[in-house]
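Data first, discussion second: the structure below is written as structure tokens.
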Amino acid sequence: MFHALVAVKQVPDTTNIRIDPETGNLVREGVPAIFNPYDAHALAAAVEWKRKLGGKVTVVSMGPPSFIVTLREAIEMGADEAYLVSDRKFAGADTLATSYVLAETIRRLNEQDPVDMIFFGKQAIDGDTAQVGPGVATRLDLPILTYAVKIRDIDLEARKAIVERKTERWVEVVELPLPVMLTCDKEIAEIPFAPLPDLIRSLKYDPEVWTMAGPVEFDRGQVGVRGSPTIVYKMGTPELPEPGEKINTREVGVEAAVREALAKAESAGVLSAVLGGAK
Amino acid sequence: MSDNEQIRFDAVVVGAGMAGSAAAIVLGKAGLNVALIERGQKAGSKNYFGGALYTHALKEVLPDFMDRKPPFERPVTEAGFWFLSRDGGLMKATIEGGKLAETELPDAYITMRAAFDAWWAKQAQEAGAFLIPKTTVVDFIRDEQGQVIGVQTDRPQGDIYAPVVIICEGVNNLLTQKLGLARRDVEPAHAALAFKQVISLPMETINARFGLPDDAHGLAVSVLGDVSLGLPGMGFVYTNKKSISVGLGVMLDTLAEYRLRPYDVLQRYLQHPAIAPLVEGGQLLEYGAHLIPEGGWRDMPQLYAGGVMVAGDAAAMVNALHWEGTNMAMIAGKLAAETAIEAHKRGDFSAASLARYRDKLQDRFILQDLKQYRNFARFLETHPQFMDVYPNFLNSALADFFSAYGKPKKVLFREIFGELTHRRPLLKAVGDMISMGKAVMGW
Ligand SMILES: Cc1cc2nc3c(=O)[nH]c(=O)nc-3n(C[C@H](O)[C@H](O)[C@H](O)COP(=O)(O)OP(=O)(O)OC[C@H]3O[C@@H](n4cnc5c(N)ncnc54)[C@H](O)[C@@H]3O)c2cc1C
């Protein structure tokens with residue numbers, strides 16, 4: 001039996017987000033909350049392999065009660081159980097405090113039912129730090145593969161998996177021991193349209209909520225604002241890059257335009273030799 | 001839930017709009033296990049209207065609705081018609097105070113559908129209905145006799161069984177057609193395409209521009225005359241709390257015939273000298289379009305069959321002249337639900353048993369009004385002068401009446417009258433009035 005654990009987060013839909021020009025903060029008011037897209041793809045991969053191998057998918061999240069919506073969505077997508085770790089004292093957590101709470105929670109869930117593979121999204125689209133997954137892996141002393149794009153095989157007997165990882169230049173094919181953590185890019189799996197019984201189950205589902213009061217014993221000094229040494233010095237929008245010069249093919253003709261563009265590229269040092277093609 | 005277990009409910013309602021949630025509220029309160037299926041991400045996310053909701057219908061479906069904090073914008077305290085003339089004039093025929101203010105509960109509230117429908121569906125959930133969003137009903141499940149015994153949705157393993165289904169799918173009534181209850185798509189000549197913009201403005205600006213003392217006062221007007229390039233169409237203006245909704249409806253066939261782009265027609269309307277100052281300086285919040293079925297009585301599908309009933313826009317229950325659609329939809333939804341409850345008591349869901357639905361509609365204003373107005377859509381089609389000649393005449397006549405030109409009033413009146421007969425020969429005008437009476441009074 002395959003036991004996958006997926007950590008998920010609710011995020012503001014950043015395609016709709018604005019930055020307050022005065023304060024440099026995100027304007028969260030009126031912005032719809034969504035399932036962090038990378039987490040959703042990671043969950044889809046976990047569910048896909050659960051269906052192949054048999055077993056279950058457990059989902060965990062740390063956040064306010066409004067995250068219940070996201071955990072229900074996880075059930076709709078095929079997760080079997082969902083846990084929300086939620087307490088006012090967790091508020092204001094940076095990636096260090098968040099990884100502490102998640103790691104302790106996962107440790108506990110692993111004692112209840114040993115986990116074979118832990119899935120994270122490669123990053124959350126609101127903070128884009130990509131630190132929480134690696135932080136949890138470090139705390140749990142687990143091997144981690146970041147930017148996972150394809151699970152080729154999971155062999156529960158031999159306790160190993162073969163997973164592809166994307167780098168800027170190539171794809172690495174890595175053999176991993178189980179248990180292992182993956183942080184996933186979107187290619188890891190397509191999100192399927194959920195069957196009606198899963199949707200119905202999700203609409204009735206209430207995730208279990210864990211708090212400071214238990215069952216995990218958290219160290220008060222390591223959670224929330226107290227456990228968060230990060231100080232955001234300044235936030236802002238980067239300057240938009242200036243658009244490049246345009247050469248209008250209708251005015252000068254395609255051939256001249258290409259020649260001019262190549263000449264410019266060469267003089268800018270971007271291109272050192274023209275290898276055939278345009279004449 | 002195991003994979004091969006059937007999903008069963010006592011009733012299925014298709015569409016969490018005005019009619020659907022009303023039906024689900026009534027069914028839920030009666031203790032029936034009802035599924036309310038909505039294709040949108042949330043109830044309301046796909047819906048659009050002017051507009052104002054009538055309290056009589058809300059109260060009939062949910063008597064304590066006001067205690068449940070509906071997301072209203074403003075009550076309608078001033079209502080009526082505006083007539084735009086081609087020379088930029090504006091004549092207002094609105095009523096405020098009087099009967100509108102007499103009742104304890106305002107007659108209507110201005111609202112936005114995205115917020116309202118979500119609240120309305122929540123009331124259904126609180127009454128016990130099970131809301132299934134993000135799911136589209138695509139077909140029916142039927143027994144050997146052809147009686148409807150459930151629905152098929154677009155999801156894998158998506159069948160839902162129920163002995164009675166209430167279709168509240170709105171104007172694009174594909175399911176109603178699928179059952180053969182409606183014969184074809186709404187005809188372009190019987191459907192208006194309504195488009196509107198929501199324009200945000202500070203509350204104080206809105207109050208000042210529309211002469212409203214505060215945000216407990218609101219204006220709802222239909223705009224006639226030089227609205228849609230002289231073609232049959234009707235505009236509207238509604239004041240929300242911090243925005244205004246302005247738009248217009250034009251018959252679909254007119255748009256097609258004159259090759260008009262909705263956006264252009266709307267832009268022109270917004271640039272009319274009487275409208276432009278009202279929207280000036282505002283920020284566009286949203287823009288949308290939606291069909292209104294205006295065929296009414298003549299386009300009404302068969303309203304029921306074995307195991308199934310149709311309510312609201314899907315059954316062309318709209319009184320276009322009065323912008324009445326939501327109230328008909330809500331009451332029809334309720335009547336269909338009551339019929340379903342009775343059918344459950346009898347254990348009989350046959351067409352004969354559900355025929356009570358039609359009787360109930362007949363006893364109420366819904367079928368009576370629609371029958372009375374049955375000629376109205378055709379009337380506007382054949383009498384475009386009502387959208388053009390008369391509004392223009394009225395404007396200029398009034399302008400004359402209230403101007404001191406230093407000539408004897410007798411002469412002035414003769415001129416005004418001459419102006420009318422010039423625009424429209426007297427006999428024709430008399431004929432127009434009679435046909436209008438026919439269309440509205442159902443003579
Ligand atoms: C611009 C405009 C202004 C208007 N102004 C007014 C006004 O001021 N006052 C007034 O009373 N009326 C007004 N109306 C009319 C009124 O909006 C409609 O008559 C009313 O909304 C009809 O309600 P309904 O429940 O039948 O349909 P709808 O409110 O359209 O609801 C249909 C619902 O069904 C869902 N649905 C459709 N097909 C499926 C499917 N296959 N599976 C699952 N779900 C499905 C849709 O997503 C939708 O939520 C206006 C209409 C327009 C367009």
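Ordering of the structure tokens sets the chain letters (A, B, ...); residue numbers start at 1 within each chain; ligands are numbered from 1 in the order shown.
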
Near chain B, 12 Å: chain A residue rows, closest pairs, only C-alpha atoms, as JSON lines:
```
{"residue": "A:Pro32", "atom": "CA", "partner": "B:Gln41", "partner_atom": "CA", "distance": 12.0}
{"residue": "A:Ile34", "atom": "CA", "partner": "B:Gln41", "partner_atom": "CA", "distance": 11.9}
{"residue": "A:Glu73", "atom": "CA", "partner": "B:Lys134", "partner_atom": "CA", "distance": 11.6}
{"residue": "A:Glu76", "atom": "CA", "partner": "B:Lys134", "partner_atom": "CA", "distance": 11.2}
{"residue": "A:Asp80", "atom": "CA", "partner": "B:Met1", "partner_atom": "CA", "distance": 11.6}
{"residue": "A:Pro192", "atom": "CA", "partner": "B:Pro156", "partner_atom": "CA", "distance": 10.1}
{"residue": "A:Phe193", "atom": "CA", "partner": "B:Arg155", "partner_atom": "CA", "distance": 6.9}
{"residue": "A:Ala194", "atom": "CA", "partner": "B:Arg155", "partner_atom": "CA", "distance": 6.7}
{"residue": "A:Pro195", "atom": "CA", "partner": "B:Pro156", "partner_atom": "CA", "distance": 4.4}
{"residue": "A:Leu196", "atom": "CA", "partner": "B:Gly158", "partner_atom": "CA", "distance": 5.0}
{"residue": "A:Pro197", "atom": "CA", "partner": "B:Met1", "partner_atom": "CA", "distance": 6.8}
{"residue": "A:Asp198", "atom": "CA", "partner": "B:Met1", "partner_atom": "CA", "distance": 8.4}
{"residue": "A:Leu199", "atom": "CA", "partner": "B:Ile132", "partner_atom": "CA", "distance": 7.9}
{"residue": "A:Ile200", "atom": "CA", "partner": "B:Ile132", "partner_atom": "CA", "distance": 7.2}
{"residue": "A:Arg201", "atom": "CA", "partner": "B:Met1", "partner_atom": "CA", "distance": 7.7}
{"residue": "A:Ser202", "atom": "CA", "partner": "B:Ile132", "partner_atom": "CA", "distance": 10.2}
{"residue": "A:Leu203", "atom": "CA", "partner": "B:Ile132", "partner_atom": "CA", "distance": 7.7}
{"residue": "A:Lys204", "atom": "CA", "partner": "B:Phe130", "partner_atom": "CA", "distance": 9.2}
```

Write to file, as a PDB file, in the first residue's frame, the residues of the selection just made, with N, CA, C and O atoms.
```
ATOM      1  N   PRO A  32      -9.740  36.732  -4.992  1.00  0.00           N
ATOM      2  CA  PRO A  32     -10.206  35.378  -4.703  1.00  0.00           C
ATOM      3  C   PRO A  32      -9.064  34.473  -4.240  1.00  0.00           C
ATOM      4  O   PRO A  32      -7.919  34.632  -4.678  1.00  0.00           O
ATOM      5  N   ILE A  34      -7.314  30.791  -4.034  1.00  0.00           N
ATOM      6  CA  ILE A  34      -7.283  29.577  -4.834  1.00  0.00           C
ATOM      7  C   ILE A  34      -6.320  28.549  -4.236  1.00  0.00           C
ATOM      8  O   ILE A  34      -5.549  28.851  -3.332  1.00  0.00           O
ATOM      9  N   GLU A  73     -11.367  20.892  -1.420  1.00  0.00           N
ATOM     10  CA  GLU A  73     -11.021  20.754  -2.834  1.00  0.00           C
ATOM     11  C   GLU A  73     -10.045  19.591  -3.028  1.00  0.00           C
ATOM     12  O   GLU A  73     -10.101  18.883  -4.037  1.00  0.00           O
ATOM     13  N   GLU A  76     -11.989  16.552  -3.107  1.00  0.00           N
ATOM     14  CA  GLU A  76     -12.631  16.452  -4.428  1.00  0.00           C
ATOM     15  C   GLU A  76     -11.651  15.877  -5.444  1.00  0.00           C
ATOM     16  O   GLU A  76     -12.009  15.078  -6.308  1.00  0.00           O
ATOM     17  N   ASP A  80      -7.792  11.221   0.453  1.00  0.00           N
ATOM     18  CA  ASP A  80      -8.647  10.433   1.329  1.00  0.00           C
ATOM     19  C   ASP A  80      -8.896  11.120   2.669  1.00  0.00           C
ATOM     20  O   ASP A  80      -9.972  11.031   3.228  1.00  0.00           O
ATOM     21  N   PRO A 192      -7.196  16.111 -13.188  1.00  0.00           N
ATOM     22  CA  PRO A 192      -8.360  15.578 -13.888  1.00  0.00           C
ATOM     23  C   PRO A 192      -9.665  16.183 -13.362  1.00  0.00           C
ATOM     24  O   PRO A 192      -9.687  16.774 -12.283  1.00  0.00           O
ATOM     25  N   PHE A 193     -10.731  16.065 -14.136  1.00  0.00           N
ATOM     26  CA  PHE A 193     -12.060  16.503 -13.742  1.00  0.00           C
ATOM     27  C   PHE A 193     -12.592  15.451 -12.765  1.00  0.00           C
ATOM     28  O   PHE A 193     -12.713  14.279 -13.109  1.00  0.00           O
ATOM     29  N   ALA A 194     -12.879  15.881 -11.544  1.00  0.00           N
ATOM     30  CA  ALA A 194     -13.192  14.914 -10.493  1.00  0.00           C
ATOM     31  C   ALA A 194     -14.503  14.189 -10.743  1.00  0.00           C
ATOM     32  O   ALA A 194     -15.476  14.790 -11.186  1.00  0.00           O
ATOM     33  N   PRO A 195     -14.531  12.881 -10.457  1.00  0.00           N
ATOM     34  CA  PRO A 195     -15.790  12.143 -10.542  1.00  0.00           C
ATOM     35  C   PRO A 195     -16.805  12.698  -9.543  1.00  0.00           C
ATOM     36  O   PRO A 195     -16.419  13.233  -8.498  1.00  0.00           O
ATOM     37  N   LEU A 196     -18.089  12.570  -9.869  1.00  0.00           N
ATOM     38  CA  LEU A 196     -19.143  13.115  -9.012  1.00  0.00           C
ATOM     39  C   LEU A 196     -19.083  12.579  -7.574  1.00  0.00           C
ATOM     40  O   LEU A 196     -19.230  13.354  -6.630  1.00  0.00           O
ATOM     41  N   PRO A 197     -18.865  11.271  -7.358  1.00  0.00           N
ATOM     42  CA  PRO A 197     -18.828  10.798  -5.964  1.00  0.00           C
ATOM     43  C   PRO A 197     -17.738  11.492  -5.138  1.00  0.00           C
ATOM     44  O   PRO A 197     -17.951  11.775  -3.957  1.00  0.00           O
ATOM     45  N   ASP A 198     -16.592  11.800  -5.751  1.00  0.00           N
ATOM     46  CA  ASP A 198     -15.537  12.507  -5.018  1.00  0.00           C
ATOM     47  C   ASP A 198     -15.969  13.933  -4.678  1.00  0.00           C
ATOM     48  O   ASP A 198     -15.701  14.444  -3.591  1.00  0.00           O
ATOM     49  N   LEU A 199     -16.622  14.588  -5.635  1.00  0.00           N
ATOM     50  CA  LEU A 199     -17.104  15.946  -5.379  1.00  0.00           C
ATOM     51  C   LEU A 199     -18.113  15.933  -4.233  1.00  0.00           C
ATOM     52  O   LEU A 199     -18.040  16.754  -3.305  1.00  0.00           O
ATOM     53  N   ILE A 200     -19.035  14.997  -4.280  1.00  0.00           N
ATOM     54  CA  ILE A 200     -20.070  14.929  -3.241  1.00  0.00           C
ATOM     55  C   ILE A 200     -19.433  14.665  -1.877  1.00  0.00           C
ATOM     56  O   ILE A 200     -19.769  15.302  -0.886  1.00  0.00           O
ATOM     57  N   ARG A 201     -18.459  13.757  -1.859  1.00  0.00           N
ATOM     58  CA  ARG A 201     -17.786  13.472  -0.590  1.00  0.00           C
ATOM     59  C   ARG A 201     -17.097  14.740  -0.064  1.00  0.00           C
ATOM     60  O   ARG A 201     -17.156  15.055   1.123  1.00  0.00           O
ATOM     61  N   SER A 202     -16.474  15.494  -0.966  1.00  0.00           N
ATOM     62  CA  SER A 202     -15.746  16.691  -0.539  1.00  0.00           C
ATOM     63  C   SER A 202     -16.688  17.742   0.038  1.00  0.00           C
ATOM     64  O   SER A 202     -16.347  18.454   0.969  1.00  0.00           O
ATOM     65  N   LEU A 203     -17.894  17.841  -0.528  1.00  0.00           N
ATOM     66  CA  LEU A 203     -18.829  18.866  -0.075  1.00  0.00           C
ATOM     67  C   LEU A 203     -19.322  18.576   1.340  1.00  0.00           C
ATOM     68  O   LEU A 203     -19.762  19.463   2.059  1.00  0.00           O
ATOM     69  N   LYS A 204     -19.251  17.307   1.731  1.00  0.00           N
ATOM     70  CA  LYS A 204     -19.707  16.935   3.066  1.00  0.00           C
ATOM     71  C   LYS A 204     -18.545  16.790   4.037  1.00  0.00           C
ATOM     72  O   LYS A 204     -18.750  16.517   5.209  1.00  0.00           O
TER      73      LYS A 204
END
```

Exercise. Apply DSSP to the backbone of this structure and, from stretch 138-359 of chain B, keep only the residues in strand (DSSP E or B); write these as a VMD selection string.
Key: chain B and resid 138 to 142 148 to 153 159 to 161 165 to 167 191 to 200 219 to 225 233 to 239 243 to 251 283 to 293 304 to 305 308 to 310 319 324

Exercise. Dump the neighbourhood of ligand 1 as number ranges by chain: all residues within 6 Å, distances computed on only C-alpha atoms and all ligand atoms.
Key: B: 14-20, 37-40, 43-44, 46-53, 136-138, 168-170, 194-195, 290-292, 312-314, 318, 323-327, 329

Exercise. Fewer than 6 positions away in the same chain doesn't count, so skip those; otherwise give me all residues within 9 Å of stretch 162-165 of chain A, counting only C-alpha atoms, as a list in words.
Key: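 Near stretch 162-165 of chain A, the qualifying residues are Leu145, Thr146, Tyr147, Ala148, Val149, Lys150, Ile151, Arg152, Asp153, Ile154, Asp155, Val171, Glu172, Val173, Val174, Glu175, Leu176, Pro177, Leu182 and Cys184 of chain A.
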
Exercise. Measure the distance from atom CA of B:Glu286 to atom CA of B:Ile199 in Å and round it to one decimal.
Key: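 A separation of 7.4 Å between them.
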
Practice problem: Please identify all polymer residues within 10 Å of B:Ala320, counting only C-alpha atoms, omitting same-chain residues fewer than 6 positions from it, and present them as a VMD selection string. | Solution: chain B and resid 191 to 192 234 249 292 to 296 370 373 376 to 377

Keeping only all heavy atoms, take the residues you just selected and write them out as a JSON list (two decimals), in the first residue's frame.
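Okay, this is what ended up in selection.json:
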```json
[["chain", "number", "residue", "atom", "x", "y", "z"],
["B", 191, "ALA", "N", -35.91, 37.30, -28.57],
["B", 191, "ALA", "CA", -34.95, 37.38, -27.47],
["B", 191, "ALA", "C", -34.21, 38.70, -27.55],
["B", 191, "ALA", "O", -33.81, 39.13, -28.63],
["B", 191, "ALA", "CB", -33.95, 36.23, -27.54],
["B", 192, "ALA", "N", -34.07, 39.35, -26.41],
["B", 192, "ALA", "CA", -33.28, 40.57, -26.36],
["B", 192, "ALA", "C", -31.91, 40.21, -25.83],
["B", 192, "ALA", "O", -31.79, 39.39, -24.93],
["B", 192, "ALA", "CB", -33.94, 41.60, -25.46],
["B", 234, "MET", "N", -34.67, 48.83, -25.18],
["B", 234, "MET", "CA", -35.01, 49.56, -23.98],
["B", 234, "MET", "C", -33.78, 49.59, -23.08],
["B", 234, "MET", "O", -33.13, 48.57, -22.89],
["B", 234, "MET", "CB", -36.19, 48.90, -23.29],
["B", 234, "MET", "CG", -36.68, 49.63, -22.07],
["B", 234, "MET", "SD", -38.45, 49.36, -21.75],
["B", 234, "MET", "CE", -38.43, 47.76, -20.99],
["B", 249, "GLY", "N", -31.26, 46.62, -23.63],
["B", 249, "GLY", "CA", -31.56, 45.38, -24.33],
["B", 249, "GLY", "C", -32.02, 45.69, -25.73],
["B", 249, "GLY", "O", -32.80, 46.61, -25.95],
["B", 292, "ILE", "N", -32.43, 37.82, -22.72],
["B", 292, "ILE", "CA", -33.73, 37.84, -22.05],
["B", 292, "ILE", "C", -34.74, 37.21, -23.02],
["B", 292, "ILE", "O", -34.88, 37.68, -24.14],
["B", 292, "ILE", "CB", -34.19, 39.27, -21.73],
["B", 292, "ILE", "CG1", -33.11, 40.01, -20.94],
["B", 292, "ILE", "CG2", -35.51, 39.26, -20.96],
["B", 292, "ILE", "CD1", -33.49, 41.44, -20.58],
["B", 293, "PRO", "N", -35.43, 36.17, -22.60],
["B", 293, "PRO", "CA", -36.45, 35.59, -23.47],
["B", 293, "PRO", "C", -37.68, 36.47, -23.42],
["B", 293, "PRO", "O", -38.25, 36.68, -22.36],
["B", 293, "PRO", "CB", -36.73, 34.22, -22.83],
["B", 293, "PRO", "CG", -36.40, 34.40, -21.38],
["B", 293, "PRO", "CD", -35.36, 35.49, -21.30],
["B", 294, "GLU", "N", -38.06, 37.04, -24.56],
["B", 294, "GLU", "CA", -39.18, 37.98, -24.53],
["B", 294, "GLU", "C", -40.41, 37.42, -25.24],
["B", 294, "GLU", "O", -41.39, 38.11, -25.41],
["B", 294, "GLU", "CB", -38.76, 39.32, -25.15],
["B", 294, "GLU", "CG", -37.56, 39.90, -24.42],
["B", 294, "GLU", "CD", -37.53, 41.41, -24.38],
["B", 294, "GLU", "OE1", -38.10, 42.03, -25.30],
["B", 294, "GLU", "OE2", -36.94, 41.97, -23.44],
["B", 295, "GLY", "N", -40.31, 36.19, -25.67],
["B", 295, "GLY", "CA", -41.44, 35.62, -26.41],
["B", 295, "GLY", "C", -42.64, 35.35, -25.53],
["B", 295, "GLY", "O", -43.77, 35.28, -26.01],
["B", 296, "GLY", "N", -42.41, 35.21, -24.24],
["B", 296, "GLY", "CA", -43.51, 35.03, -23.29],
["B", 296, "GLY", "C", -44.43, 33.88, -23.65],
["B", 296, "GLY", "O", -43.98, 32.80, -24.05],
["B", 370, "LEU", "N", -48.64, 36.70, -18.45],
["B", 370, "LEU", "CA", -47.96, 36.33, -19.69],
["B", 370, "LEU", "C", -48.98, 36.20, -20.82],
["B", 370, "LEU", "O", -48.72, 36.58, -21.95],
["B", 370, "LEU", "CB", -47.17, 35.04, -19.51],
["B", 370, "LEU", "CG", -45.92, 35.21, -18.64],
["B", 370, "LEU", "CD1", -45.29, 33.88, -18.34],
["B", 370, "LEU", "CD2", -44.91, 36.15, -19.31],
["B", 373, "TYR", "N", -50.01, 39.71, -21.95],
["B", 373, "TYR", "CA", -48.98, 40.41, -22.71],
["B", 373, "TYR", "C", -48.53, 39.62, -23.93],
["B", 373, "TYR", "O", -47.48, 39.90, -24.49],
["B", 373, "TYR", "CB", -47.75, 40.67, -21.81],
["B", 373, "TYR", "CG", -47.91, 41.87, -20.92],
["B", 373, "TYR", "CD1", -48.70, 41.78, -19.78],
["B", 373, "TYR", "CD2", -47.26, 43.06, -21.19],
["B", 373, "TYR", "CE1", -48.84, 42.87, -18.94],
["B", 373, "TYR", "CE2", -47.40, 44.15, -20.36],
["B", 373, "TYR", "CZ", -48.19, 44.05, -19.22],
["B", 373, "TYR", "OH", -48.32, 45.12, -18.41],
["B", 376, "PHE", "N", -47.18, 41.42, -26.91],
["B", 376, "PHE", "CA", -46.32, 42.59, -26.72],
["B", 376, "PHE", "C", -45.03, 42.53, -27.54],
["B", 376, "PHE", "O", -44.65, 43.50, -28.18],
["B", 376, "PHE", "CB", -46.02, 42.79, -25.24],
["B", 376, "PHE", "CG", -45.20, 44.02, -24.99],
["B", 376, "PHE", "CD1", -45.75, 45.28, -25.18],
["B", 376, "PHE", "CD2", -43.87, 43.92, -24.62],
["B", 376, "PHE", "CE1", -45.00, 46.42, -24.97],
["B", 376, "PHE", "CE2", -43.11, 45.06, -24.42],
["B", 376, "PHE", "CZ", -43.67, 46.31, -24.59],
["B", 377, "ALA", "N", -44.39, 41.36, -27.52],
["B", 377, "ALA", "CA", -43.12, 41.25, -28.25],
["B", 377, "ALA", "C", -43.35, 41.57, -29.72],
["B", 377, "ALA", "O", -42.61, 42.34, -30.34],
["B", 377, "ALA", "CB", -42.53, 39.86, -28.09]]
```

Practice problem: Do a neighbour search on B:Gly347 at 12 Å with only C-alpha atoms, toss out local chain neighbours closer than 6 positions, and write the hits as a PyMOL selection string. | Solution: chain B and resi 10+163-164+307+339-341+353-354

What does the file look like for those residues with N, CA, C and O atoms, as a PDB file, in the first residue's frame?
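Saved the output as out.pdb:
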```
ATOM      1  N   ASP B  10     -34.285  12.764  -3.333  1.00  0.00           N
ATOM      2  CA  ASP B  10     -35.750  12.795  -3.501  1.00  0.00           C
ATOM      3  C   ASP B  10     -36.135  13.713  -4.663  1.00  0.00           C
ATOM      4  O   ASP B  10     -37.195  13.566  -5.259  1.00  0.00           O
ATOM      5  N   PRO B 163     -36.799  10.872  -8.396  1.00  0.00           N
ATOM      6  CA  PRO B 163     -38.084  10.654  -9.073  1.00  0.00           C
ATOM      7  C   PRO B 163     -38.648  11.920  -9.703  1.00  0.00           C
ATOM      8  O   PRO B 163     -39.534  11.849 -10.546  1.00  0.00           O
ATOM      9  N   VAL B 164     -38.114  13.084  -9.291  1.00  0.00           N
ATOM     10  CA  VAL B 164     -38.617  14.316  -9.901  1.00  0.00           C
ATOM     11  C   VAL B 164     -37.469  15.308 -10.086  1.00  0.00           C
ATOM     12  O   VAL B 164     -36.613  15.453  -9.215  1.00  0.00           O
ATOM     13  N   GLY B 307     -42.107  13.084 -14.458  1.00  0.00           N
ATOM     14  CA  GLY B 307     -40.887  13.220 -13.669  1.00  0.00           C
ATOM     15  C   GLY B 307     -40.157  14.539 -13.798  1.00  0.00           C
ATOM     16  O   GLY B 307     -39.071  14.680 -13.256  1.00  0.00           O
ATOM     17  N   THR B 339     -45.543  21.246  -6.060  1.00  0.00           N
ATOM     18  CA  THR B 339     -46.103  20.136  -6.839  1.00  0.00           C
ATOM     19  C   THR B 339     -45.297  18.857  -6.607  1.00  0.00           C
ATOM     20  O   THR B 339     -45.871  17.767  -6.472  1.00  0.00           O
ATOM     21  N   ALA B 340     -43.966  19.014  -6.536  1.00  0.00           N
ATOM     22  CA  ALA B 340     -43.103  17.846  -6.305  1.00  0.00           C
ATOM     23  C   ALA B 340     -43.371  17.241  -4.927  1.00  0.00           C
ATOM     24  O   ALA B 340     -43.373  16.016  -4.762  1.00  0.00           O
ATOM     25  N   ILE B 341     -43.598  18.104  -3.946  1.00  0.00           N
ATOM     26  CA  ILE B 341     -43.869  17.617  -2.582  1.00  0.00           C
ATOM     27  C   ILE B 341     -45.179  16.821  -2.571  1.00  0.00           C
ATOM     28  O   ILE B 341     -45.251  15.733  -1.996  1.00  0.00           O
ATOM     29  N   SER B 353     -49.862  13.597 -12.694  1.00  0.00           N
ATOM     30  CA  SER B 353     -49.705  14.071 -11.323  1.00  0.00           C
ATOM     31  C   SER B 353     -49.056  15.457 -11.293  1.00  0.00           C
ATOM     32  O   SER B 353     -49.452  16.321 -10.509  1.00  0.00           O
ATOM     33  N   LEU B 354     -48.094  15.665 -12.171  1.00  0.00           N
ATOM     34  CA  LEU B 354     -47.384  16.950 -12.170  1.00  0.00           C
ATOM     35  C   LEU B 354     -48.158  18.049 -12.900  1.00  0.00           C
ATOM     36  O   LEU B 354     -47.749  19.214 -12.890  1.00  0.00           O
TER      37      LEU B 354
END
```

Quiz item: For A:Val180, which residue among A:Gln123, A:Thr98, A:Thr211, A:Thr138 is the nearest when counting only C-alpha atoms?
Solution: A:Thr138

Quiz item: Separation of atom CA of B:Ala316 and atom CA of B:Val171, in Å?
Solution: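 If I compute the distance from atom CA of B:Ala316 to atom CA of B:Val171, I get 7.2 Å.
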
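We find atom CA of B:Gln271 and atom CA of B:Leu252 to be spaced 22.0 Å apart.
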
Practice problem: Apply DSSP to the backbone of this structure and, from stretch 11-201 of chain B, keep only the residues in helix (DSSP H, G or I); write these as a ChimeraX atom specification. | Solution: /B:18-29,55-61,65-68,98-102,113-126,174-178,188-190

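Near B:Glu204, within a cut-off of 9 Å and counting only C-alpha atoms, sit the residues Arg209, Asp214, Asp215 and Lys242 of chain B, with same-chain residues fewer than 5 positions away left out.
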
Any chance you could export the current selection's N, CA and C atoms as an mmCIF file, in the first residue's frame?
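Output below, filename selection30.cif:
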```cif
data_model
loop_
_atom_site.group_PDB
_atom_site.id
_atom_site.type_symbol
_atom_site.label_atom_id
_atom_site.label_comp_id
_atom_site.auth_asym_id
_atom_site.auth_seq_id
_atom_site.Cartn_x
_atom_site.Cartn_y
_atom_site.Cartn_z
ATOM 1 N N ARG B 209 -25.928 63.125 -8.137
ATOM 2 C CA ARG B 209 -26.327 63.090 -9.554
ATOM 3 C C ARG B 209 -27.770 62.642 -9.744
ATOM 4 N N ASP B 214 -29.693 59.678 0.380
ATOM 5 C CA ASP B 214 -28.656 58.817 0.965
ATOM 6 C C ASP B 214 -28.728 57.438 0.303
ATOM 7 N N ASP B 215 -27.939 56.484 0.818
ATOM 8 C CA ASP B 215 -27.920 55.181 0.156
ATOM 9 C C ASP B 215 -29.076 54.284 0.592
ATOM 10 N N LYS B 242 -22.370 51.973 -4.402
ATOM 11 C CA LYS B 242 -21.197 52.737 -4.822
ATOM 12 C C LYS B 242 -20.907 52.548 -6.297
#
```
